[in-house]
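Here is the structure we will look at, set down as structure tokens.
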Amino acid sequence: MRVIEVRSAEARDEAALWELIRAFPTPTPISADAYARMFQRKLDDPCALIAVARQGETLVGYVSGHKHSAFYAAGDTAWVDEIFVVNHGRRMGVGRSLMTAFESWADDVGCKLASLATIGAADFYRALGYATKAGYFKKYLGDGKQSTEPSRQAK
Ligand SMILES: CC(C)(COP(=O)(O)OP(=O)(O)OC[C@H]1O[C@@H](n2cnc3c(N)ncnc32)[C@H](O)[C@@H]1OP(=O)(O)O)[C@@H](O)C(=O)NCCC(=O)NCCS
């Protein structure tokens, strides 16, 4: 697949990105209203990045993450919340291009470390030079009960 463009998301990407967000495997699917609010908030947040990959007029992938300060990292660190490439676009370098864009942004905003959690994409991250270190634990707060069925989860 020839990727024409990997760039930061813009307001005009909202509808096309929604189709990919809906396809991302997660036990906590997002509503359209919540997505619209979060999309705008992330665009306005200098500590957040959404990068999109477009082939022509079609959006074929995205990565979303943010930076925060962590004592253990002695500075700012970047966290990949999620990355997704459409089925027919996989294994052609789109995910790698998105992660390159994410790392470049993280470097530009002063991060010394990029990290993430995954179940199914470990080999992808290993191929990009990531090493596994700490275990990832999560706990849903409030009264929401979430499925633990792994087949629908990337996280
Ligand atoms: C993970 C994902 C983003 C990879 O995107 P992609 O565009 O297929 O990745 P690339 O083609 O850029 O692959 C980069 C490298 O990762 C490796 N890789 C990618 N997918 C792999 C897989 N399923 N198994 C083994 N290695 C894989 C390849 O070795 C490749 O190296 P190469 O360039 O030497 O061939 C994509 O499979 C996806 O969207 N999966 C569903 C969502 C998901 O699980 N996201 C991650 C959790 S947040």
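Note on naming: chains are A, B, ... as they come in the structure tokens, residues start from 1 per chain, ligands start from 1 in the order shown.
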Would you give me, as a tab-separated table, each residue of chain A having an atom within 8 Å of an atom of ligand 1, along with its shortest atom pair and that distance in Å to one decimal, using only C-alpha atoms and all ligand atoms and sorting by chain and residue number?
```
residue	atom	partner	partner_atom_place_in_ligand_line	distance
A:Phe24	CA	ligand 1	42 (C)	6.1
A:Pro25	CA	ligand 1	42 (C)	6.6
A:Gly61	CA	ligand 1	39 (O)	7.3
A:Val80	CA	ligand 1	48 (S)	7.2
A:Asp81	CA	ligand 1	48 (S)	6.3
A:Glu82	CA	ligand 1	48 (S)	3.8
A:Ile83	CA	ligand 1	48 (S)	4.7
A:Phe84	CA	ligand 1	39 (O)	3.4
A:Val85	CA	ligand 1	39 (O)	3.8
A:Val86	CA	ligand 1	39 (O)	6.2
A:Asn87	CA	ligand 1	39 (O)	7.2
A:Gly89	CA	ligand 1	7 (O)	6.3
A:Arg90	CA	ligand 1	8 (O)	3.3
A:Arg91	CA	ligand 1	11 (O)	3.1
A:Met92	CA	ligand 1	11 (O)	4.0
A:Gly93	CA	ligand 1	12 (O)	3.2
A:Val94	CA	ligand 1	7 (O)	3.9
A:Gly95	CA	ligand 1	7 (O)	3.5
A:Arg96	CA	ligand 1	12 (O)	3.6
A:Ser97	CA	ligand 1	12 (O)	6.4
A:Leu98	CA	ligand 1	12 (O)	7.9
A:Leu116	CA	ligand 1	48 (S)	7.5
A:Ala117	CA	ligand 1	48 (S)	6.9
A:Thr118	CA	ligand 1	47 (C)	5.1
A:Ile119	CA	ligand 1	47 (C)	7.0
A:Gly120	CA	ligand 1	44 (O)	5.5
A:Ala121	CA	ligand 1	1 (C)	4.9
A:Ala122	CA	ligand 1	25 (C)	7.8
A:Asp123	CA	ligand 1	26 (N)	4.6
A:Phe124	CA	ligand 1	16 (O)	3.6
A:Tyr125	CA	ligand 1	16 (O)	6.4
A:Arg126	CA	ligand 1	16 (O)	7.4
A:Ala127	CA	ligand 1	16 (O)	4.9
A:Leu128	CA	ligand 1	15 (C)	6.4
A:Gln153	CA	ligand 1	44 (O)	7.9
A:Ala154	CA	ligand 1	44 (O)	4.7
A:Lys155	CA	ligand 1	47 (C)	6.0
```
For N, CA and C atoms, I'd like the residues from the last selection saved as a JSON list (two decimals), in the first residue's frame.
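Written file, result_1.json:
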```
[["chain", "number", "residue", "atom", "x", "y", "z"],
["A", 24, "PHE", "N", -11.71, -0.39, 16.16],
["A", 24, "PHE", "CA", -10.63, -0.79, 17.07],
["A", 24, "PHE", "C", -11.18, -1.79, 18.10],
["A", 25, "PRO", "N", -10.47, -2.93, 18.27],
["A", 25, "PRO", "CA", -10.96, -3.94, 19.22],
["A", 25, "PRO", "C", -10.75, -3.50, 20.66],
["A", 61, "GLY", "N", -5.36, 4.37, 8.69],
["A", 61, "GLY", "CA", -4.82, 4.04, 10.01],
["A", 61, "GLY", "C", -4.67, 5.27, 10.87],
["A", 80, "VAL", "N", 1.53, 5.40, 24.04],
["A", 80, "VAL", "CA", 0.66, 5.09, 22.90],
["A", 80, "VAL", "C", -0.63, 4.50, 23.45],
["A", 81, "ASP", "N", -1.73, 5.21, 23.29],
["A", 81, "ASP", "CA", -3.01, 4.67, 23.73],
["A", 81, "ASP", "C", -3.49, 3.57, 22.79],
["A", 82, "GLU", "N", -3.39, 3.83, 21.51],
["A", 82, "GLU", "CA", -3.84, 2.83, 20.54],
["A", 82, "GLU", "C", -3.28, 3.15, 19.16],
["A", 83, "ILE", "N", -3.15, 2.11, 18.37],
["A", 83, "ILE", "CA", -2.77, 2.25, 16.96],
["A", 83, "ILE", "C", -3.60, 1.25, 16.19],
["A", 84, "PHE", "N", -4.04, 1.63, 15.01],
["A", 84, "PHE", "CA", -4.92, 0.77, 14.23],
["A", 84, "PHE", "C", -4.68, 1.00, 12.74],
["A", 85, "VAL", "N", -4.60, -0.10, 12.00],
["A", 85, "VAL", "CA", -4.49, -0.04, 10.53],
["A", 85, "VAL", "C", -5.61, -0.93, 9.96],
["A", 86, "VAL", "N", -6.29, -0.46, 8.95],
["A", 86, "VAL", "CA", -7.38, -1.25, 8.36],
["A", 86, "VAL", "C", -6.84, -2.60, 7.87],
["A", 87, "ASN", "N", -7.69, -3.60, 7.90],
["A", 87, "ASN", "CA", -7.26, -4.97, 7.56],
["A", 87, "ASN", "C", -6.49, -5.05, 6.26],
["A", 89, "GLY", "N", -4.82, -2.98, 4.76],
["A", 89, "GLY", "CA", -3.60, -2.17, 4.69],
["A", 89, "GLY", "C", -2.45, -2.68, 5.55],
["A", 90, "ARG", "N", -2.67, -3.83, 6.19],
["A", 90, "ARG", "CA", -1.66, -4.32, 7.14],
["A", 90, "ARG", "C", -0.47, -4.98, 6.45],
["A", 91, "ARG", "N", 0.64, -5.02, 7.18],
["A", 91, "ARG", "CA", 1.90, -5.64, 6.74],
["A", 91, "ARG", "C", 2.46, -4.95, 5.51],
["A", 92, "MET", "N", 2.22, -3.66, 5.41],
["A", 92, "MET", "CA", 2.77, -2.88, 4.29],
["A", 92, "MET", "C", 3.48, -1.63, 4.78],
["A", 93, "GLY", "N", 3.74, -1.57, 6.07],
["A", 93, "GLY", "CA", 4.52, -0.45, 6.59],
["A", 93, "GLY", "C", 3.72, 0.73, 7.11],
["A", 94, "VAL", "N", 2.39, 0.63, 7.08],
["A", 94, "VAL", "CA", 1.58, 1.76, 7.55],
["A", 94, "VAL", "C", 1.75, 1.95, 9.07],
["A", 95, "GLY", "N", 1.68, 0.85, 9.82],
["A", 95, "GLY", "CA", 1.84, 0.94, 11.28],
["A", 95, "GLY", "C", 3.20, 1.48, 11.65],
["A", 96, "ARG", "N", 4.22, 1.03, 10.95],
["A", 96, "ARG", "CA", 5.57, 1.54, 11.21],
["A", 96, "ARG", "C", 5.64, 3.05, 10.96],
["A", 97, "SER", "N", 5.03, 3.50, 9.87],
["A", 97, "SER", "CA", 5.04, 4.95, 9.56],
["A", 97, "SER", "C", 4.30, 5.75, 10.64],
["A", 98, "LEU", "N", 3.20, 5.20, 11.12],
["A", 98, "LEU", "CA", 2.46, 5.90, 12.18],
["A", 98, "LEU", "C", 3.29, 5.98, 13.46],
["A", 116, "LEU", "N", 3.89, 1.59, 25.84],
["A", 116, "LEU", "CA", 2.52, 1.18, 25.52],
["A", 116, "LEU", "C", 2.24, -0.18, 26.14],
["A", 117, "ALA", "N", 0.98, -0.59, 26.10],
["A", 117, "ALA", "CA", 0.61, -1.93, 26.53],
["A", 117, "ALA", "C", -0.11, -2.62, 25.38],
["A", 118, "THR", "N", 0.12, -3.90, 25.21],
["A", 118, "THR", "CA", -0.56, -4.63, 24.15],
["A", 118, "THR", "C", -0.72, -6.10, 24.53],
["A", 119, "ILE", "N", -1.71, -6.73, 23.93],
["A", 119, "ILE", "CA", -1.82, -8.18, 24.05],
["A", 119, "ILE", "C", -1.40, -8.81, 22.73],
["A", 120, "GLY", "N", -2.03, -8.35, 21.65],
["A", 120, "GLY", "CA", -1.86, -9.06, 20.38],
["A", 120, "GLY", "C", -0.80, -8.54, 19.43],
["A", 121, "ALA", "N", -0.24, -7.36, 19.72],
["A", 121, "ALA", "CA", 0.66, -6.74, 18.73],
["A", 121, "ALA", "C", 2.11, -6.73, 19.20],
["A", 122, "ALA", "N", 2.48, -7.66, 20.07],
["A", 122, "ALA", "CA", 3.84, -7.65, 20.63],
["A", 122, "ALA", "C", 4.91, -7.74, 19.54],
["A", 123, "ASP", "N", 4.70, -8.58, 18.54],
["A", 123, "ASP", "CA", 5.73, -8.74, 17.51],
["A", 123, "ASP", "C", 5.90, -7.48, 16.67],
["A", 124, "PHE", "N", 4.79, -6.77, 16.48],
["A", 124, "PHE", "CA", 4.86, -5.49, 15.77],
["A", 124, "PHE", "C", 5.77, -4.53, 16.53],
["A", 125, "TYR", "N", 5.54, -4.39, 17.83],
["A", 125, "TYR", "CA", 6.36, -3.45, 18.61],
["A", 125, "TYR", "C", 7.81, -3.94, 18.73],
["A", 126, "ARG", "N", 8.00, -5.24, 18.85],
["A", 126, "ARG", "CA", 9.38, -5.75, 18.89],
["A", 126, "ARG", "C", 10.11, -5.38, 17.60],
["A", 127, "ALA", "N", 9.43, -5.52, 16.47],
["A", 127, "ALA", "CA", 10.05, -5.19, 15.18],
["A", 127, "ALA", "C", 10.44, -3.73, 15.10],
["A", 128, "LEU", "N", 9.77, -2.90, 15.89],
["A", 128, "LEU", "CA", 10.07, -1.47, 15.90],
["A", 128, "LEU", "C", 11.06, -1.09, 17.00],
["A", 153, "GLN", "N", -10.25, -7.76, 22.23],
["A", 153, "GLN", "CA", -9.44, -6.76, 22.90],
["A", 153, "GLN", "C", -8.04, -6.67, 22.32],
["A", 154, "ALA", "N", -7.61, -5.44, 22.06],
["A", 154, "ALA", "CA", -6.21, -5.24, 21.72],
["A", 154, "ALA", "C", -5.45, -4.76, 22.95],
["A", 155, "LYS", "N", -6.20, -4.29, 23.93],
["A", 155, "LYS", "CA", -5.58, -3.73, 25.14],
["A", 155, "LYS", "C", -5.87, -4.63, 26.32]]
```
Q: May I have all residues of segment 45-148 of chain A that DSSP, computed from the backbone, assigns to strand (DSSP E), given as a PyMOL selection string?
A: chain A and resi 48-55+58-70+75-85+113-116
Could you write those residues out with N, CA and C atoms, as an mmCIF file, in the first residue's frame?
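Printed below is result.cif as written:
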```
data_model
loop_
_atom_site.group_PDB
_atom_site.id
_atom_site.type_symbol
_atom_site.label_atom_id
_atom_site.label_comp_id
_atom_site.auth_asym_id
_atom_site.auth_seq_id
_atom_site.Cartn_x
_atom_site.Cartn_y
_atom_site.Cartn_z
ATOM 1 N N ALA A 48 -1.288 15.887 23.586
ATOM 2 C CA ALA A 48 -1.895 14.713 22.932
ATOM 3 C C ALA A 48 -1.582 14.740 21.445
ATOM 4 N N LEU A 49 -1.465 13.559 20.873
ATOM 5 C CA LEU A 49 -1.292 13.453 19.420
ATOM 6 C C LEU A 49 -2.226 12.394 18.854
ATOM 7 N N ILE A 50 -2.922 12.766 17.799
ATOM 8 C CA ILE A 50 -3.556 11.779 16.916
ATOM 9 C C ILE A 50 -2.880 11.981 15.569
ATOM 10 N N ALA A 51 -2.266 10.923 15.044
ATOM 11 C CA ALA A 51 -1.716 10.983 13.690
ATOM 12 C C ALA A 51 -2.523 10.034 12.816
ATOM 13 N N VAL A 52 -2.764 10.446 11.579
ATOM 14 C CA VAL A 52 -3.542 9.615 10.664
ATOM 15 C C VAL A 52 -2.718 9.296 9.420
ATOM 16 N N ALA A 53 -3.001 8.139 8.848
ATOM 17 C CA ALA A 53 -2.382 7.742 7.583
ATOM 18 C C ALA A 53 -3.479 7.752 6.523
ATOM 19 N N ARG A 54 -3.238 8.467 5.463
ATOM 20 C CA ARG A 54 -4.227 8.540 4.388
ATOM 21 C C ARG A 54 -3.643 7.975 3.117
ATOM 22 N N GLN A 55 -4.442 7.235 2.393
ATOM 23 C CA GLN A 55 -4.090 6.814 1.040
ATOM 24 C C GLN A 55 -5.102 7.476 0.131
ATOM 25 N N THR A 58 -8.683 8.220 1.368
ATOM 26 C CA THR A 58 -9.114 7.230 2.343
ATOM 27 C C THR A 58 -8.186 7.190 3.544
ATOM 28 N N LEU A 59 -8.790 7.202 4.715
ATOM 29 C CA LEU A 59 -8.006 7.095 5.940
ATOM 30 C C LEU A 59 -7.789 5.607 6.244
ATOM 31 N N VAL A 60 -6.539 5.185 6.354
ATOM 32 C CA VAL A 60 -6.248 3.749 6.492
ATOM 33 C C VAL A 60 -5.640 3.389 7.844
ATOM 34 N N GLY A 61 -5.365 4.370 8.693
ATOM 35 C CA GLY A 61 -4.825 4.041 10.006
ATOM 36 C C GLY A 61 -4.669 5.267 10.867
ATOM 37 N N TYR A 62 -4.506 5.019 12.145
ATOM 38 C CA TYR A 62 -4.262 6.139 13.067
ATOM 39 C C TYR A 62 -3.482 5.640 14.270
ATOM 40 N N VAL A 63 -2.829 6.590 14.940
ATOM 41 C CA VAL A 63 -2.223 6.326 16.239
ATOM 42 C C VAL A 63 -2.628 7.472 17.150
ATOM 43 N N SER A 64 -2.901 7.141 18.395
ATOM 44 C CA SER A 64 -3.305 8.153 19.362
ATOM 45 C C SER A 64 -2.517 7.943 20.647
ATOM 46 N N GLY A 65 -2.001 9.030 21.203
ATOM 47 C CA GLY A 65 -1.241 8.917 22.445
ATOM 48 C C GLY A 65 -1.060 10.274 23.084
ATOM 49 N N HIS A 66 -0.304 10.294 24.147
ATOM 50 C CA HIS A 66 -0.136 11.539 24.887
ATOM 51 C C HIS A 66 1.177 11.515 25.650
ATOM 52 N N LYS A 67 1.537 12.661 26.166
ATOM 53 C CA LYS A 67 2.728 12.704 27.013
ATOM 54 C C LYS A 67 2.335 13.098 28.426
ATOM 55 N N HIS A 68 3.117 12.622 29.384
ATOM 56 C CA HIS A 68 2.916 13.010 30.775
ATOM 57 C C HIS A 68 4.254 12.913 31.493
ATOM 58 N N SER A 69 4.311 13.537 32.652
ATOM 59 C CA SER A 69 5.541 13.488 33.439
ATOM 60 C C SER A 69 5.507 12.271 34.354
ATOM 61 N N ALA A 70 6.645 11.617 34.491
ATOM 62 C CA ALA A 70 6.725 10.455 35.382
ATOM 63 C C ALA A 70 8.042 10.509 36.145
ATOM 64 N N GLY A 75 11.392 12.540 33.867
ATOM 65 C CA GLY A 75 11.005 13.549 32.885
ATOM 66 C C GLY A 75 9.715 13.166 32.182
ATOM 67 N N ASP A 76 9.556 13.699 30.988
ATOM 68 C CA ASP A 76 8.332 13.439 30.232
ATOM 69 C C ASP A 76 8.438 12.125 29.460
ATOM 70 N N THR A 77 7.330 11.442 29.393
ATOM 71 C CA THR A 77 7.288 10.145 28.720
ATOM 72 C C THR A 77 6.039 10.093 27.834
ATOM 73 N N ALA A 78 6.129 9.420 26.716
ATOM 74 C CA ALA A 78 5.007 9.350 25.771
ATOM 75 C C ALA A 78 4.370 7.971 25.846
ATOM 76 N N TRP A 79 3.052 7.959 25.822
ATOM 77 C CA TRP A 79 2.306 6.706 25.930
ATOM 78 C C TRP A 79 1.418 6.539 24.700
ATOM 79 N N VAL A 80 1.533 5.402 24.040
ATOM 80 C CA VAL A 80 0.663 5.095 22.905
ATOM 81 C C VAL A 80 -0.626 4.497 23.450
ATOM 82 N N ASP A 81 -1.729 5.209 23.289
ATOM 83 C CA ASP A 81 -3.015 4.666 23.735
ATOM 84 C C ASP A 81 -3.489 3.569 22.789
ATOM 85 N N GLU A 82 -3.390 3.826 21.506
ATOM 86 C CA GLU A 82 -3.840 2.835 20.541
ATOM 87 C C GLU A 82 -3.281 3.155 19.158
ATOM 88 N N ILE A 83 -3.148 2.108 18.372
ATOM 89 C CA ILE A 83 -2.773 2.251 16.958
ATOM 90 C C ILE A 83 -3.602 1.247 16.185
ATOM 91 N N PHE A 84 -4.037 1.632 15.008
ATOM 92 C CA PHE A 84 -4.920 0.765 14.226
ATOM 93 C C PHE A 84 -4.679 0.997 12.744
ATOM 94 N N VAL A 85 -4.599 -0.097 12.001
ATOM 95 C CA VAL A 85 -4.492 -0.044 10.535
ATOM 96 C C VAL A 85 -5.607 -0.926 9.964
ATOM 97 N N LEU A 113 11.180 8.761 26.466
ATOM 98 C CA LEU A 113 10.734 7.370 26.493
ATOM 99 C C LEU A 113 9.362 7.281 25.842
ATOM 100 N N ALA A 114 9.149 6.227 25.057
ATOM 101 C CA ALA A 114 7.811 5.929 24.535
ATOM 102 C C ALA A 114 7.437 4.533 25.004
ATOM 103 N N SER A 115 6.206 4.351 25.449
ATOM 104 C CA SER A 115 5.794 3.035 25.937
ATOM 105 C C SER A 115 4.314 2.805 25.646
ATOM 106 N N LEU A 116 3.887 1.589 25.843
ATOM 107 C CA LEU A 116 2.521 1.178 25.521
ATOM 108 C C LEU A 116 2.237 -0.180 26.142
#
```
Q) Quick one: DSSP helix (DSSP H, G or I) residues in segment 11-145 of chain A, as a PyMOL selection string? A) chain A and resi 11-23+32-44+71-73+87-89+94-108+122-127
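Distances from A:Gln40, A:Thr132, A:Ser31, A:Thr26 to Asp13 of chain A were compared using only C-alpha atoms, and the smallest one belongs to A:Gln40.
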